[in-house]
Amino acid sequence: MNSNLLVRIDDKQYGPISTSELKGLVKSGNFSLADEIWLEDEGEWVEAEKIEEIKRLFMPTAVPETEKKIIAMGSGKGGVGKTVLAASMGIGLAALGKEVVLVDGDFGGANLHTCMGILSPQYTFLDYYTLQQDSLEDILLDTPINNLKLISGACGILGIANPKYSQKVRLVRELKKLDANYIIMDLGAGSALSVIDFFISVDEGIVITSPEPTAIQESFDFIKLCLLRKLQREFRNEQQVLTLLEVDGVNSLSQFTTPIEILLEKANKISSEVASRMETNIREFKPRLILNMIMDSDEIKEGASIKTAAAELLSLDIDYMGYVEYDEDVHDSVKDLRPFIIHNPKSKASRSIARLITVKLLKMASIEAFVDKRKMRKNINESAKSFPLAEDYESNTICSVKCFYWDDCEYQNGGYPCKIRRLEPLFKG
Ligand SMILES: Nc1ncnc2c1ncn2[C@@H]1O[C@H](COP(=O)(O)OP(=O)(O)O)[C@@H](O)[C@H]1O
Ligand SMILES: [Mg+2]
């Protein structure tokens, strides 16, 4: 059950409304279990009391804080698959019954909503930042997938307000209040503080990289900068340590080349307390790593080489979670505006992500993972039925040989709705 609910309160009909809006009505006391919902399949009004999914809206916050996890997907280089992996990971978790919120934290190129089949989101982060909506709860969007909600990103937020570190930490705290088991944040690429500060403030940061040397180098630099930023925050009021970190302004972090072992020795000369705090901060920073777009088995080793380099040069213990193969199916799914795990739950990439979810995120033993991967596939096949198909985003323009672009158009779909203009909502505003 997702959007477009018709409700009947005291014999008056309202709607269509989304489940989020219904939740608002429940919260404000305007909708009770004695009120009714229209069930399309049954063709009748049914008391909310009798609908399990609706009854759940009346329960107090179900997920305790300790069972919530905020995961952030970061990378040095752009285009390595953060967004497509975040979407499919969220769907896989939701298919196993977890409550999931996907958060588009790429304020430079927000596009997670498109991946989720939502071309023009009703609310975005912008509504929250500009105080049009009071809480994150109010900007949650329903998606075609059960148990999965979305907070859509907005480009240009950073231009409106360059958030301070404390504001970013506060946002993470607000995210943690959402009623979900997993909150997955898709970050922008690169080493801007807007990305790094989120990455170091969440429960679990996952670095995504492709196996190309440039991407590998940039992900190592990204991890290094995250570590330095963490240390810079810890020692922000201790000038002597900041001098060791060669920080005079945050932008100079990238210049730092001293191996961490030497840094620790120097810190020890200031005091053993400083060295021990530094050590704790380093030990606590445990980024995870996923290699994406693997073409051959040789490339899988690149994961181990980042792990080794991080251990030797940064004294960091990186958890190399595993890899996702390069898969034409992913490419096709993007063209169809469908997450790859929905497009084909049996593709190589989908199987890889199912393995990462069950074994690495949920830490299941192999037999348990085997059973749950089947359950995940079954539920995803079910969800796929309500996920829009490319042709559902039809435009009003009918394709014709008279079109200016006919000769260059790869579709040439004369007489049928134009397949290119169907994406028009994406280019508005
Ligand atoms: N495993 C994969 N196999 C094939 N193509 C992939 C794979 N992962 C990502 N891609 C391609 O890379 C493109 C960029 O992915 P995206 O998730 O948008 O990157 P990012 O969010 O890191 O910038 C996608 O449009 C898709 O075509
Ligand atoms: Mg992206």
# chains A, B, ... in the order shown; residues from 1 in each chain; ligands from 1

call {"tool": "select_by_dssp", "arguments": {"residues": "stretch 76-245 of chain A", "states": "strand (DSSP E)", "output": "PDB file with N, CA, C and O atoms, in the first residue's frame"}}
result
ATOM      1  N   VAL A 100      13.073   1.360   5.833  1.00  0.00           N
ATOM      2  CA  VAL A 100      14.230   2.048   5.251  1.00  0.00           C
ATOM      3  C   VAL A 100      13.850   3.454   4.786  1.00  0.00           C
ATOM      4  O   VAL A 100      12.765   3.658   4.251  1.00  0.00           O
ATOM      5  N   VAL A 101      14.751   4.402   5.024  1.00  0.00           N
ATOM      6  CA  VAL A 101      14.593   5.722   4.409  1.00  0.00           C
ATOM      7  C   VAL A 101      15.837   5.995   3.563  1.00  0.00           C
ATOM      8  O   VAL A 101      16.965   5.905   4.062  1.00  0.00           O
ATOM      9  N   LEU A 102      15.637   6.264   2.291  1.00  0.00           N
ATOM     10  CA  LEU A 102      16.746   6.666   1.432  1.00  0.00           C
ATOM     11  C   LEU A 102      16.830   8.188   1.468  1.00  0.00           C
ATOM     12  O   LEU A 102      15.808   8.861   1.342  1.00  0.00           O
ATOM     13  N   VAL A 103      18.027   8.705   1.643  1.00  0.00           N
ATOM     14  CA  VAL A 103      18.180  10.150   1.756  1.00  0.00           C
ATOM     15  C   VAL A 103      19.134  10.646   0.670  1.00  0.00           C
ATOM     16  O   VAL A 103      20.267  10.162   0.568  1.00  0.00           O
ATOM     17  N   ASP A 104      18.676  11.564  -0.141  1.00  0.00           N
ATOM     18  CA  ASP A 104      19.560  12.102  -1.171  1.00  0.00           C
ATOM     19  C   ASP A 104      20.366  13.258  -0.594  1.00  0.00           C
ATOM     20  O   ASP A 104      19.867  14.366  -0.423  1.00  0.00           O
ATOM     21  N   GLY A 105      21.604  12.969  -0.266  1.00  0.00           N
ATOM     22  CA  GLY A 105      22.472  13.991   0.313  1.00  0.00           C
ATOM     23  C   GLY A 105      23.447  14.540  -0.709  1.00  0.00           C
ATOM     24  O   GLY A 105      24.460  15.126  -0.349  1.00  0.00           O
ATOM     25  N   LEU A 141       8.846  11.053   1.409  1.00  0.00           N
ATOM     26  CA  LEU A 141       7.987  10.699   0.271  1.00  0.00           C
ATOM     27  C   LEU A 141       7.759   9.195   0.256  1.00  0.00           C
ATOM     28  O   LEU A 141       8.675   8.421   0.554  1.00  0.00           O
ATOM     29  N   ASP A 142       6.564   8.804  -0.104  1.00  0.00           N
ATOM     30  CA  ASP A 142       6.316   7.381  -0.324  1.00  0.00           C
ATOM     31  C   ASP A 142       6.996   6.976  -1.628  1.00  0.00           C
ATOM     32  O   ASP A 142       7.137   7.789  -2.527  1.00  0.00           O
ATOM     33  N   LEU A 148       9.689   1.456   2.269  1.00  0.00           N
ATOM     34  CA  LEU A 148      10.789   2.317   1.810  1.00  0.00           C
ATOM     35  C   LEU A 148      10.289   3.730   1.544  1.00  0.00           C
ATOM     36  O   LEU A 148       9.388   3.946   0.741  1.00  0.00           O
ATOM     37  N   LYS A 149      10.907   4.688   2.246  1.00  0.00           N
ATOM     38  CA  LYS A 149      10.554   6.099   2.052  1.00  0.00           C
ATOM     39  C   LYS A 149      11.779   6.828   1.489  1.00  0.00           C
ATOM     40  O   LYS A 149      12.893   6.326   1.555  1.00  0.00           O
ATOM     41  N   LEU A 150      11.517   8.015   0.988  1.00  0.00           N
ATOM     42  CA  LEU A 150      12.616   8.758   0.368  1.00  0.00           C
ATOM     43  C   LEU A 150      12.614  10.204   0.839  1.00  0.00           C
ATOM     44  O   LEU A 150      11.553  10.811   0.976  1.00  0.00           O
ATOM     45  N   ILE A 151      13.801  10.723   1.115  1.00  0.00           N
ATOM     46  CA  ILE A 151      13.921  12.174   1.261  1.00  0.00           C
ATOM     47  C   ILE A 151      14.668  12.645   0.032  1.00  0.00           C
ATOM     48  O   ILE A 151      15.826  12.262  -0.198  1.00  0.00           O
ATOM     49  N   TYR A 182      16.975   1.428   8.850  1.00  0.00           N
ATOM     50  CA  TYR A 182      18.136   1.857   8.069  1.00  0.00           C
ATOM     51  C   TYR A 182      17.857   3.174   7.365  1.00  0.00           C
ATOM     52  O   TYR A 182      16.837   3.328   6.699  1.00  0.00           O
ATOM     53  N   ILE A 183      18.767   4.121   7.556  1.00  0.00           N
ATOM     54  CA  ILE A 183      18.661   5.401   6.868  1.00  0.00           C
ATOM     55  C   ILE A 183      19.903   5.477   5.980  1.00  0.00           C
ATOM     56  O   ILE A 183      21.027   5.476   6.475  1.00  0.00           O
ATOM     57  N   ILE A 184      19.681   5.422   4.687  1.00  0.00           N
ATOM     58  CA  ILE A 184      20.819   5.333   3.760  1.00  0.00           C
ATOM     59  C   ILE A 184      20.989   6.658   3.036  1.00  0.00           C
ATOM     60  O   ILE A 184      20.087   7.115   2.332  1.00  0.00           O
ATOM     61  N   MET A 185      22.151   7.255   3.232  1.00  0.00           N
ATOM     62  CA  MET A 185      22.379   8.581   2.683  1.00  0.00           C
ATOM     63  C   MET A 185      23.307   8.481   1.471  1.00  0.00           C
ATOM     64  O   MET A 185      24.423   7.966   1.582  1.00  0.00           O
ATOM     65  N   ASP A 186      22.830   8.961   0.362  1.00  0.00           N
ATOM     66  CA  ASP A 186      23.630   8.968  -0.866  1.00  0.00           C
ATOM     67  C   ASP A 186      24.322  10.333  -0.937  1.00  0.00           C
ATOM     68  O   ASP A 186      23.649  11.354  -1.056  1.00  0.00           O
ATOM     69  N   LEU A 187      25.638  10.340  -0.829  1.00  0.00           N
ATOM     70  CA  LEU A 187      26.354  11.627  -0.782  1.00  0.00           C
ATOM     71  C   LEU A 187      26.868  12.035  -2.162  1.00  0.00           C
ATOM     72  O   LEU A 187      26.941  11.220  -3.072  1.00  0.00           O
ATOM     73  N   GLU A 204      27.822   4.379   9.897  1.00  0.00           N
ATOM     74  CA  GLU A 204      28.615   3.537   9.007  1.00  0.00           C
ATOM     75  C   GLU A 204      28.864   4.250   7.693  1.00  0.00           C
ATOM     76  O   GLU A 204      27.904   4.581   6.989  1.00  0.00           O
ATOM     77  N   GLY A 205      30.117   4.537   7.375  1.00  0.00           N
ATOM     78  CA  GLY A 205      30.428   5.179   6.099  1.00  0.00           C
ATOM     79  C   GLY A 205      30.931   4.126   5.119  1.00  0.00           C
ATOM     80  O   GLY A 205      31.842   3.368   5.430  1.00  0.00           O
ATOM     81  N   ILE A 206      30.314   4.067   3.947  1.00  0.00           N
ATOM     82  CA  ILE A 206      30.779   3.105   2.933  1.00  0.00           C
ATOM     83  C   ILE A 206      31.348   3.876   1.747  1.00  0.00           C
ATOM     84  O   ILE A 206      30.673   4.722   1.163  1.00  0.00           O
ATOM     85  N   VAL A 207      32.611   3.585   1.426  1.00  0.00           N
ATOM     86  CA  VAL A 207      33.225   4.217   0.263  1.00  0.00           C
ATOM     87  C   VAL A 207      32.992   3.319  -0.943  1.00  0.00           C
ATOM     88  O   VAL A 207      33.213   2.114  -0.879  1.00  0.00           O
ATOM     89  N   ILE A 208      32.498   3.927  -2.018  1.00  0.00           N
ATOM     90  CA  ILE A 208      32.294   3.165  -3.253  1.00  0.00           C
ATOM     91  C   ILE A 208      33.374   3.585  -4.235  1.00  0.00           C
ATOM     92  O   ILE A 208      33.642   4.783  -4.388  1.00  0.00           O
ATOM     93  N   THR A 209      33.994   2.613  -4.874  1.00  0.00           N
ATOM     94  CA  THR A 209      34.966   2.972  -5.909  1.00  0.00           C
ATOM     95  C   THR A 209      34.899   1.968  -7.051  1.00  0.00           C
ATOM     96  O   THR A 209      34.506   0.821  -6.860  1.00  0.00           O
TER      97      THR A 209
END

call {"tool": "residues_around", "arguments": {"residues": "A:Lys50", "least_positions_apart": "5", "cutoff": "10 Å", "atoms": "only C-alpha atoms", "output": "list in words"}}
result
Leu33, Ala34, Glu36, Ile37 and Lys55 of chain A

call {"tool": "residues_near_ligand", "arguments": {"ligand": "ligand 2", "cutoff": "9 Å", "atoms": "only C-alpha atoms and all ligand atoms", "output": "list in words"}}
result
Gly78, Gly79, Val80, Gly81, Lys82, Thr83, Val84, Ala86, Asp104, Asp106, Gly109, Ala110, Asn111, Leu112, Asp186, Leu187, Gly188 and Ala189 of chain A

call {"tool": "write_last_selection", "arguments": {"atoms": "all heavy atoms", "output": "mmCIF file, in the first residue's frame"}}
result
data_model
loop_
_atom_site.group_PDB
_atom_site.id
_atom_site.type_symbol
_atom_site.label_atom_id
_atom_site.label_comp_id
_atom_site.auth_asym_id
_atom_site.auth_seq_id
_atom_site.Cartn_x
_atom_site.Cartn_y
_atom_site.Cartn_z
ATOM 1 N N GLY A 78 33.304 10.800 -8.984
ATOM 2 C CA GLY A 78 31.880 10.716 -9.302
ATOM 3 C C GLY A 78 31.614 9.582 -10.287
ATOM 4 O O GLY A 78 32.544 9.041 -10.898
ATOM 5 N N GLY A 79 30.376 9.208 -10.424
ATOM 6 C CA GLY A 79 29.993 8.209 -11.424
ATOM 7 C C GLY A 79 30.448 6.794 -11.127
ATOM 8 O O GLY A 79 30.564 5.969 -12.026
ATOM 9 N N VAL A 80 30.722 6.489 -9.854
ATOM 10 C CA VAL A 80 31.192 5.143 -9.520
ATOM 11 C C VAL A 80 30.060 4.222 -9.063
ATOM 12 O O VAL A 80 30.287 3.049 -8.784
ATOM 13 C CB VAL A 80 32.300 5.175 -8.433
ATOM 14 C CG1 VAL A 80 33.565 5.814 -8.971
ATOM 15 C CG2 VAL A 80 31.817 5.890 -7.181
ATOM 16 N N GLY A 81 28.842 4.759 -8.961
ATOM 17 C CA GLY A 81 27.697 3.895 -8.650
ATOM 18 C C GLY A 81 27.083 4.088 -7.272
ATOM 19 O O GLY A 81 26.273 3.271 -6.842
ATOM 20 N N LYS A 82 27.418 5.190 -6.596
ATOM 21 C CA LYS A 82 26.831 5.415 -5.255
ATOM 22 C C LYS A 82 25.314 5.399 -5.287
ATOM 23 O O LYS A 82 24.669 4.741 -4.491
ATOM 24 C CB LYS A 82 27.256 6.790 -4.698
ATOM 25 C CG LYS A 82 28.677 6.899 -4.266
ATOM 26 C CD LYS A 82 28.965 8.273 -3.705
ATOM 27 C CE LYS A 82 28.721 9.412 -4.685
ATOM 28 N NZ LYS A 82 29.520 9.369 -5.898
ATOM 29 N N THR A 83 24.755 6.164 -6.235
ATOM 30 C CA THR A 83 23.297 6.324 -6.254
ATOM 31 C C THR A 83 22.594 5.020 -6.618
ATOM 32 O O THR A 83 21.646 4.618 -5.939
ATOM 33 C CB THR A 83 22.906 7.446 -7.239
ATOM 34 O OG1 THR A 83 23.594 8.627 -6.836
ATOM 35 C CG2 THR A 83 21.415 7.714 -7.220
ATOM 36 N N VAL A 84 23.073 4.338 -7.653
ATOM 37 C CA VAL A 84 22.386 3.097 -8.036
ATOM 38 C C VAL A 84 22.530 2.031 -6.953
ATOM 39 O O VAL A 84 21.597 1.277 -6.673
ATOM 40 C CB VAL A 84 22.844 2.547 -9.429
ATOM 41 C CG1 VAL A 84 22.469 3.500 -10.531
ATOM 42 C CG2 VAL A 84 24.308 2.215 -9.468
ATOM 43 N N ALA A 86 22.922 2.656 -3.666
ATOM 44 C CA ALA A 86 22.101 3.073 -2.519
ATOM 45 C C ALA A 86 20.649 2.677 -2.752
ATOM 46 O O ALA A 86 19.991 2.113 -1.863
ATOM 47 C CB ALA A 86 22.219 4.579 -2.296
ATOM 48 N N ASP A 104 18.676 11.564 -0.141
ATOM 49 C CA ASP A 104 19.560 12.102 -1.171
ATOM 50 C C ASP A 104 20.366 13.258 -0.594
ATOM 51 O O ASP A 104 19.867 14.366 -0.423
ATOM 52 C CB ASP A 104 18.738 12.574 -2.380
ATOM 53 C CG ASP A 104 19.631 12.765 -3.590
ATOM 54 O OD1 ASP A 104 20.850 12.947 -3.400
ATOM 55 O OD2 ASP A 104 19.126 12.710 -4.728
ATOM 56 N N ASP A 106 23.153 14.334 -1.982
ATOM 57 C CA ASP A 106 24.007 14.901 -3.025
ATOM 58 C C ASP A 106 23.425 16.249 -3.424
ATOM 59 O O ASP A 106 22.551 16.338 -4.284
ATOM 60 C CB ASP A 106 24.059 13.949 -4.229
ATOM 61 C CG ASP A 106 25.027 14.438 -5.291
ATOM 62 O OD1 ASP A 106 25.486 15.605 -5.187
ATOM 63 O OD2 ASP A 106 25.336 13.683 -6.226
ATOM 64 N N GLY A 109 24.097 17.231 -7.232
ATOM 65 C CA GLY A 109 23.435 16.539 -8.348
ATOM 66 C C GLY A 109 22.404 15.548 -7.848
ATOM 67 O O GLY A 109 22.531 14.344 -8.053
ATOM 68 N N ALA A 110 21.390 16.086 -7.170
ATOM 69 C CA ALA A 110 20.379 15.205 -6.582
ATOM 70 C C ALA A 110 19.644 14.419 -7.669
ATOM 71 O O ALA A 110 19.047 15.011 -8.556
ATOM 72 C CB ALA A 110 19.382 16.037 -5.782
ATOM 73 N N ASN A 111 19.714 13.105 -7.627
ATOM 74 C CA ASN A 111 19.010 12.312 -8.641
ATOM 75 C C ASN A 111 18.490 10.979 -8.126
ATOM 76 O O ASN A 111 18.022 10.144 -8.892
ATOM 77 C CB ASN A 111 19.918 12.073 -9.862
ATOM 78 C CG ASN A 111 21.175 11.324 -9.498
ATOM 79 O OD1 ASN A 111 21.446 11.069 -8.324
ATOM 80 N ND2 ASN A 111 21.955 10.950 -10.482
ATOM 81 N N LEU A 112 18.523 10.799 -6.809
ATOM 82 C CA LEU A 112 18.049 9.536 -6.245
ATOM 83 C C LEU A 112 16.557 9.337 -6.510
ATOM 84 O O LEU A 112 16.104 8.223 -6.745
ATOM 85 C CB LEU A 112 18.348 9.532 -4.731
ATOM 86 C CG LEU A 112 18.166 8.242 -3.958
ATOM 87 C CD1 LEU A 112 18.972 7.108 -4.559
ATOM 88 C CD2 LEU A 112 18.580 8.433 -2.495
ATOM 89 N N ASP A 186 22.830 8.961 0.362
ATOM 90 C CA ASP A 186 23.630 8.968 -0.866
ATOM 91 C C ASP A 186 24.322 10.333 -0.937
ATOM 92 O O ASP A 186 23.649 11.354 -1.056
ATOM 93 C CB ASP A 186 22.670 8.768 -2.048
ATOM 94 C CG ASP A 186 23.347 8.910 -3.385
ATOM 95 O OD1 ASP A 186 24.566 8.677 -3.473
ATOM 96 O OD2 ASP A 186 22.647 9.267 -4.362
ATOM 97 N N LEU A 187 25.638 10.340 -0.829
ATOM 98 C CA LEU A 187 26.354 11.627 -0.782
ATOM 99 C C LEU A 187 26.868 12.035 -2.162
ATOM 100 O O LEU A 187 26.941 11.220 -3.072
ATOM 101 C CB LEU A 187 27.536 11.539 0.179
ATOM 102 C CG LEU A 187 27.206 11.272 1.646
ATOM 103 C CD1 LEU A 187 28.486 11.113 2.455
ATOM 104 C CD2 LEU A 187 26.357 12.398 2.227
ATOM 105 N N GLY A 188 27.254 13.288 -2.270
ATOM 106 C CA GLY A 188 27.892 13.746 -3.497
ATOM 107 C C GLY A 188 29.310 13.199 -3.557
ATOM 108 O O GLY A 188 29.843 12.709 -2.562
ATOM 109 N N ALA A 189 29.930 13.274 -4.729
ATOM 110 C CA ALA A 189 31.293 12.773 -4.857
ATOM 111 C C ALA A 189 32.271 13.822 -4.349
ATOM 112 O O ALA A 189 31.933 15.004 -4.256
ATOM 113 C CB ALA A 189 31.579 12.460 -6.316
#

call {"tool": "atom_distance", "arguments": {"atom1": "atom CA of A:Leu228", "atom2": "atom CA of A:Leu242"}}
result
10.1 Å

call {"tool": "select_by_dssp", "arguments": {"residues": "stretch 143-332 of chain A", "states": "alpha helix (DSSP H)", "output": "PyMOL selection string"}}
result
chain A and resi 157-160+165-177+193-201+213-234+239-244+260-270+272-284+297-314+328-332

call {"tool": "write_last_selection", "arguments": {"atoms": "C-alpha atoms", "output": "CSV table (one decimal), in the first residue's frame"}}
result
chain,number,residue,atom,x,y,z
A,157,ILE,CA,21.2,24.1,-1.0
A,158,LEU,CA,24.8,24.7,-0.3
A,159,GLY,CA,24.5,27.9,-2.2
A,160,ILE,CA,21.7,29.0,0.1
A,165,TYR,CA,29.8,21.4,11.1
A,166,SER,CA,27.3,21.6,14.0
A,167,GLN,CA,24.4,22.0,11.6
A,168,LYS,CA,25.4,18.9,9.7
A,169,VAL,CA,25.7,16.9,12.9
A,170,ARG,CA,22.3,18.2,13.9
A,171,LEU,CA,20.8,17.0,10.6
A,172,VAL,CA,22.3,13.6,11.2
A,173,ARG,CA,20.7,13.6,14.7
A,174,GLU,CA,17.4,14.6,13.1
A,175,LEU,CA,17.7,11.8,10.6
A,176,LYS,CA,18.2,9.3,13.4
A,177,LYS,CA,14.8,10.3,14.8
A,193,LEU,CA,33.3,19.4,3.6
A,194,SER,CA,29.6,19.0,2.9
A,195,VAL,CA,30.4,15.4,2.0
A,196,ILE,CA,33.1,14.6,4.4
A,197,ASP,CA,31.3,15.9,7.5
A,198,PHE,CA,28.3,13.7,6.8
A,199,PHE,CA,30.5,10.7,6.1
A,200,ILE,CA,32.3,11.0,9.5
A,201,SER,CA,29.2,11.7,11.5
A,213,PRO,CA,43.6,3.6,-10.8
A,214,THR,CA,42.3,7.2,-10.7
A,215,ALA,CA,39.2,6.1,-8.7
A,216,ILE,CA,41.3,4.0,-6.4
A,217,GLN,CA,43.6,7.0,-5.8
A,218,GLU,CA,40.7,9.4,-5.2
A,219,SER,CA,39.0,7.0,-2.7
A,220,PHE,CA,42.2,6.7,-0.8
A,221,ASP,CA,42.5,10.5,-0.6
A,222,PHE,CA,38.9,10.7,0.4
A,223,ILE,CA,39.4,8.3,3.3
A,224,LYS,CA,42.6,10.2,4.3
A,225,LEU,CA,40.7,13.6,4.3
A,226,CYS,CA,37.9,12.1,6.4
A,227,LEU,CA,40.4,10.9,9.0
A,228,LEU,CA,42.1,14.3,9.1
A,229,ARG,CA,38.9,16.2,9.4
A,230,LYS,CA,37.9,13.9,12.3
A,231,LEU,CA,41.2,14.7,14.0
A,232,GLN,CA,40.8,18.4,13.2
A,233,ARG,CA,37.4,18.4,14.9
A,234,GLU,CA,38.6,16.5,17.9
A,239,GLN,CA,46.6,24.8,18.4
A,240,GLN,CA,49.7,22.7,18.9
A,241,VAL,CA,48.0,19.6,17.5
A,242,LEU,CA,46.5,21.5,14.7
A,243,THR,CA,50.0,22.6,13.7
A,244,LEU,CA,51.0,19.0,13.6
A,260,ILE,CA,50.0,8.5,10.8
A,261,GLU,CA,52.6,6.6,12.8
A,262,ILE,CA,55.0,9.6,12.7
A,263,LEU,CA,52.1,11.9,13.6
A,264,LEU,CA,51.3,9.8,16.6
A,265,GLU,CA,55.0,9.9,17.7
A,266,LYS,CA,54.9,13.7,17.4
A,267,ALA,CA,51.6,13.8,19.3
A,268,ASN,CA,53.2,11.8,22.1
A,269,LYS,CA,55.8,14.5,22.5
A,270,ILE,CA,53.0,17.0,23.2
A,272,SER,CA,50.6,11.0,26.1
A,273,GLU,CA,47.0,12.1,26.6
A,274,VAL,CA,46.9,13.8,23.2
A,275,ALA,CA,48.5,10.7,21.6
A,276,SER,CA,46.0,8.4,23.2
A,277,ARG,CA,43.0,10.5,22.2
A,278,MET,CA,44.4,10.6,18.7
A,279,GLU,CA,44.8,6.8,18.7
A,280,THR,CA,41.2,6.4,19.9
A,281,ASN,CA,39.9,8.6,17.1
A,282,ILE,CA,41.8,6.7,14.5
A,283,ARG,CA,40.7,3.3,15.9
A,284,GLU,CA,37.1,4.4,15.9
A,297,SER,CA,38.7,-11.3,-11.1
A,298,ASP,CA,42.1,-9.5,-11.1
A,299,GLU,CA,40.3,-6.2,-10.3
A,300,ILE,CA,38.8,-7.6,-7.1
A,301,LYS,CA,42.3,-7.4,-5.6
A,302,GLU,CA,42.1,-3.6,-5.7
A,303,GLY,CA,40.0,-3.7,-2.6
A,304,ALA,CA,42.7,-5.5,-0.7
A,305,SER,CA,45.3,-2.9,-2.0
A,306,ILE,CA,43.3,0.0,-0.6
A,307,LYS,CA,42.9,-1.9,2.7
A,308,THR,CA,46.7,-2.5,2.8
A,309,ALA,CA,47.6,1.1,1.9
A,310,ALA,CA,45.1,2.5,4.5
A,311,ALA,CA,46.6,0.2,7.2
A,312,GLU,CA,50.2,1.1,6.4
A,313,LEU,CA,49.9,4.8,5.7
A,314,LEU,CA,46.9,5.8,7.8
A,328,GLU,CA,25.0,-4.3,-18.6
A,329,ASP,CA,21.7,-4.8,-16.8
A,330,VAL,CA,22.6,-1.9,-14.5
A,331,HIS,CA,23.1,0.3,-17.4
A,332,ASP,CA,19.8,-0.8,-19.0

call {"tool": "closest_residue", "arguments": {"among": "A:Ser28, A:Asn292, A:Asn146, A:Ser191", "to": "ligand 1", "atoms": "only C-alpha atoms and all ligand atoms"}}
result
A:Asn292

call {"tool": "decode", "arguments": {"residues": "stretch 364-376 of chain A", "atoms": "N, CA, C and O atoms", "output": "tab-separated table (two decimals), in the first residue's frame"}}
result
chain	number	residue	atom	x	y	z
A	364	MET	N	24.61	-12.04	8.43
A	364	MET	CA	23.99	-13.36	8.54
A	364	MET	C	25.01	-14.46	8.22
A	364	MET	O	25.92	-14.26	7.42
A	365	ALA	N	24.78	-15.63	8.82
A	365	ALA	CA	25.58	-16.80	8.44
A	365	ALA	C	25.09	-17.27	7.07
A	365	ALA	O	23.98	-16.94	6.66
A	366	SER	N	25.91	-18.10	6.38
A	366	SER	CA	25.60	-18.42	4.98
A	366	SER	C	24.22	-19.04	4.78
A	366	SER	O	23.52	-18.65	3.85
A	367	ILE	N	23.82	-19.98	5.62
A	367	ILE	CA	22.56	-20.68	5.37
A	367	ILE	C	21.38	-19.72	5.55
A	367	ILE	O	20.44	-19.69	4.76
A	368	GLU	N	21.50	-18.89	6.58
A	368	GLU	CA	20.47	-17.90	6.85
A	368	GLU	C	20.38	-16.92	5.67
A	368	GLU	O	19.30	-16.57	5.19
A	369	ALA	N	21.57	-16.52	5.17
A	369	ALA	CA	21.62	-15.58	4.04
A	369	ALA	C	20.98	-16.20	2.81
A	369	ALA	O	20.25	-15.53	2.08
A	370	PHE	N	21.21	-17.49	2.61
A	370	PHE	CA	20.65	-18.19	1.45
A	370	PHE	C	19.12	-18.10	1.46
A	370	PHE	O	18.49	-17.75	0.47
A	371	VAL	N	18.55	-18.39	2.61
A	371	VAL	CA	17.08	-18.36	2.75
A	371	VAL	C	16.57	-16.94	2.53
A	371	VAL	O	15.60	-16.70	1.81
A	372	ASP	N	17.25	-15.97	3.15
A	372	ASP	CA	16.77	-14.59	3.07
A	372	ASP	C	16.94	-13.98	1.67
A	372	ASP	O	16.16	-13.11	1.29
A	373	LYS	N	17.97	-14.42	0.95
A	373	LYS	CA	18.14	-13.89	-0.40
A	373	LYS	C	16.96	-14.33	-1.28
A	373	LYS	O	16.49	-13.59	-2.13
A	374	ARG	N	16.46	-15.54	-1.05
A	374	ARG	CA	15.28	-16.02	-1.81
A	374	ARG	C	14.06	-15.20	-1.44
A	374	ARG	O	13.28	-14.79	-2.29
A	375	LYS	N	13.92	-14.96	-0.13
A	375	LYS	CA	12.77	-14.18	0.34
A	375	LYS	C	12.84	-12.76	-0.27
A	375	LYS	O	11.85	-12.21	-0.73
A	376	MET	N	14.06	-12.22	-0.29
A	376	MET	CA	14.25	-10.87	-0.83
A	376	MET	C	13.80	-10.84	-2.30
A	376	MET	O	13.06	-9.97	-2.73
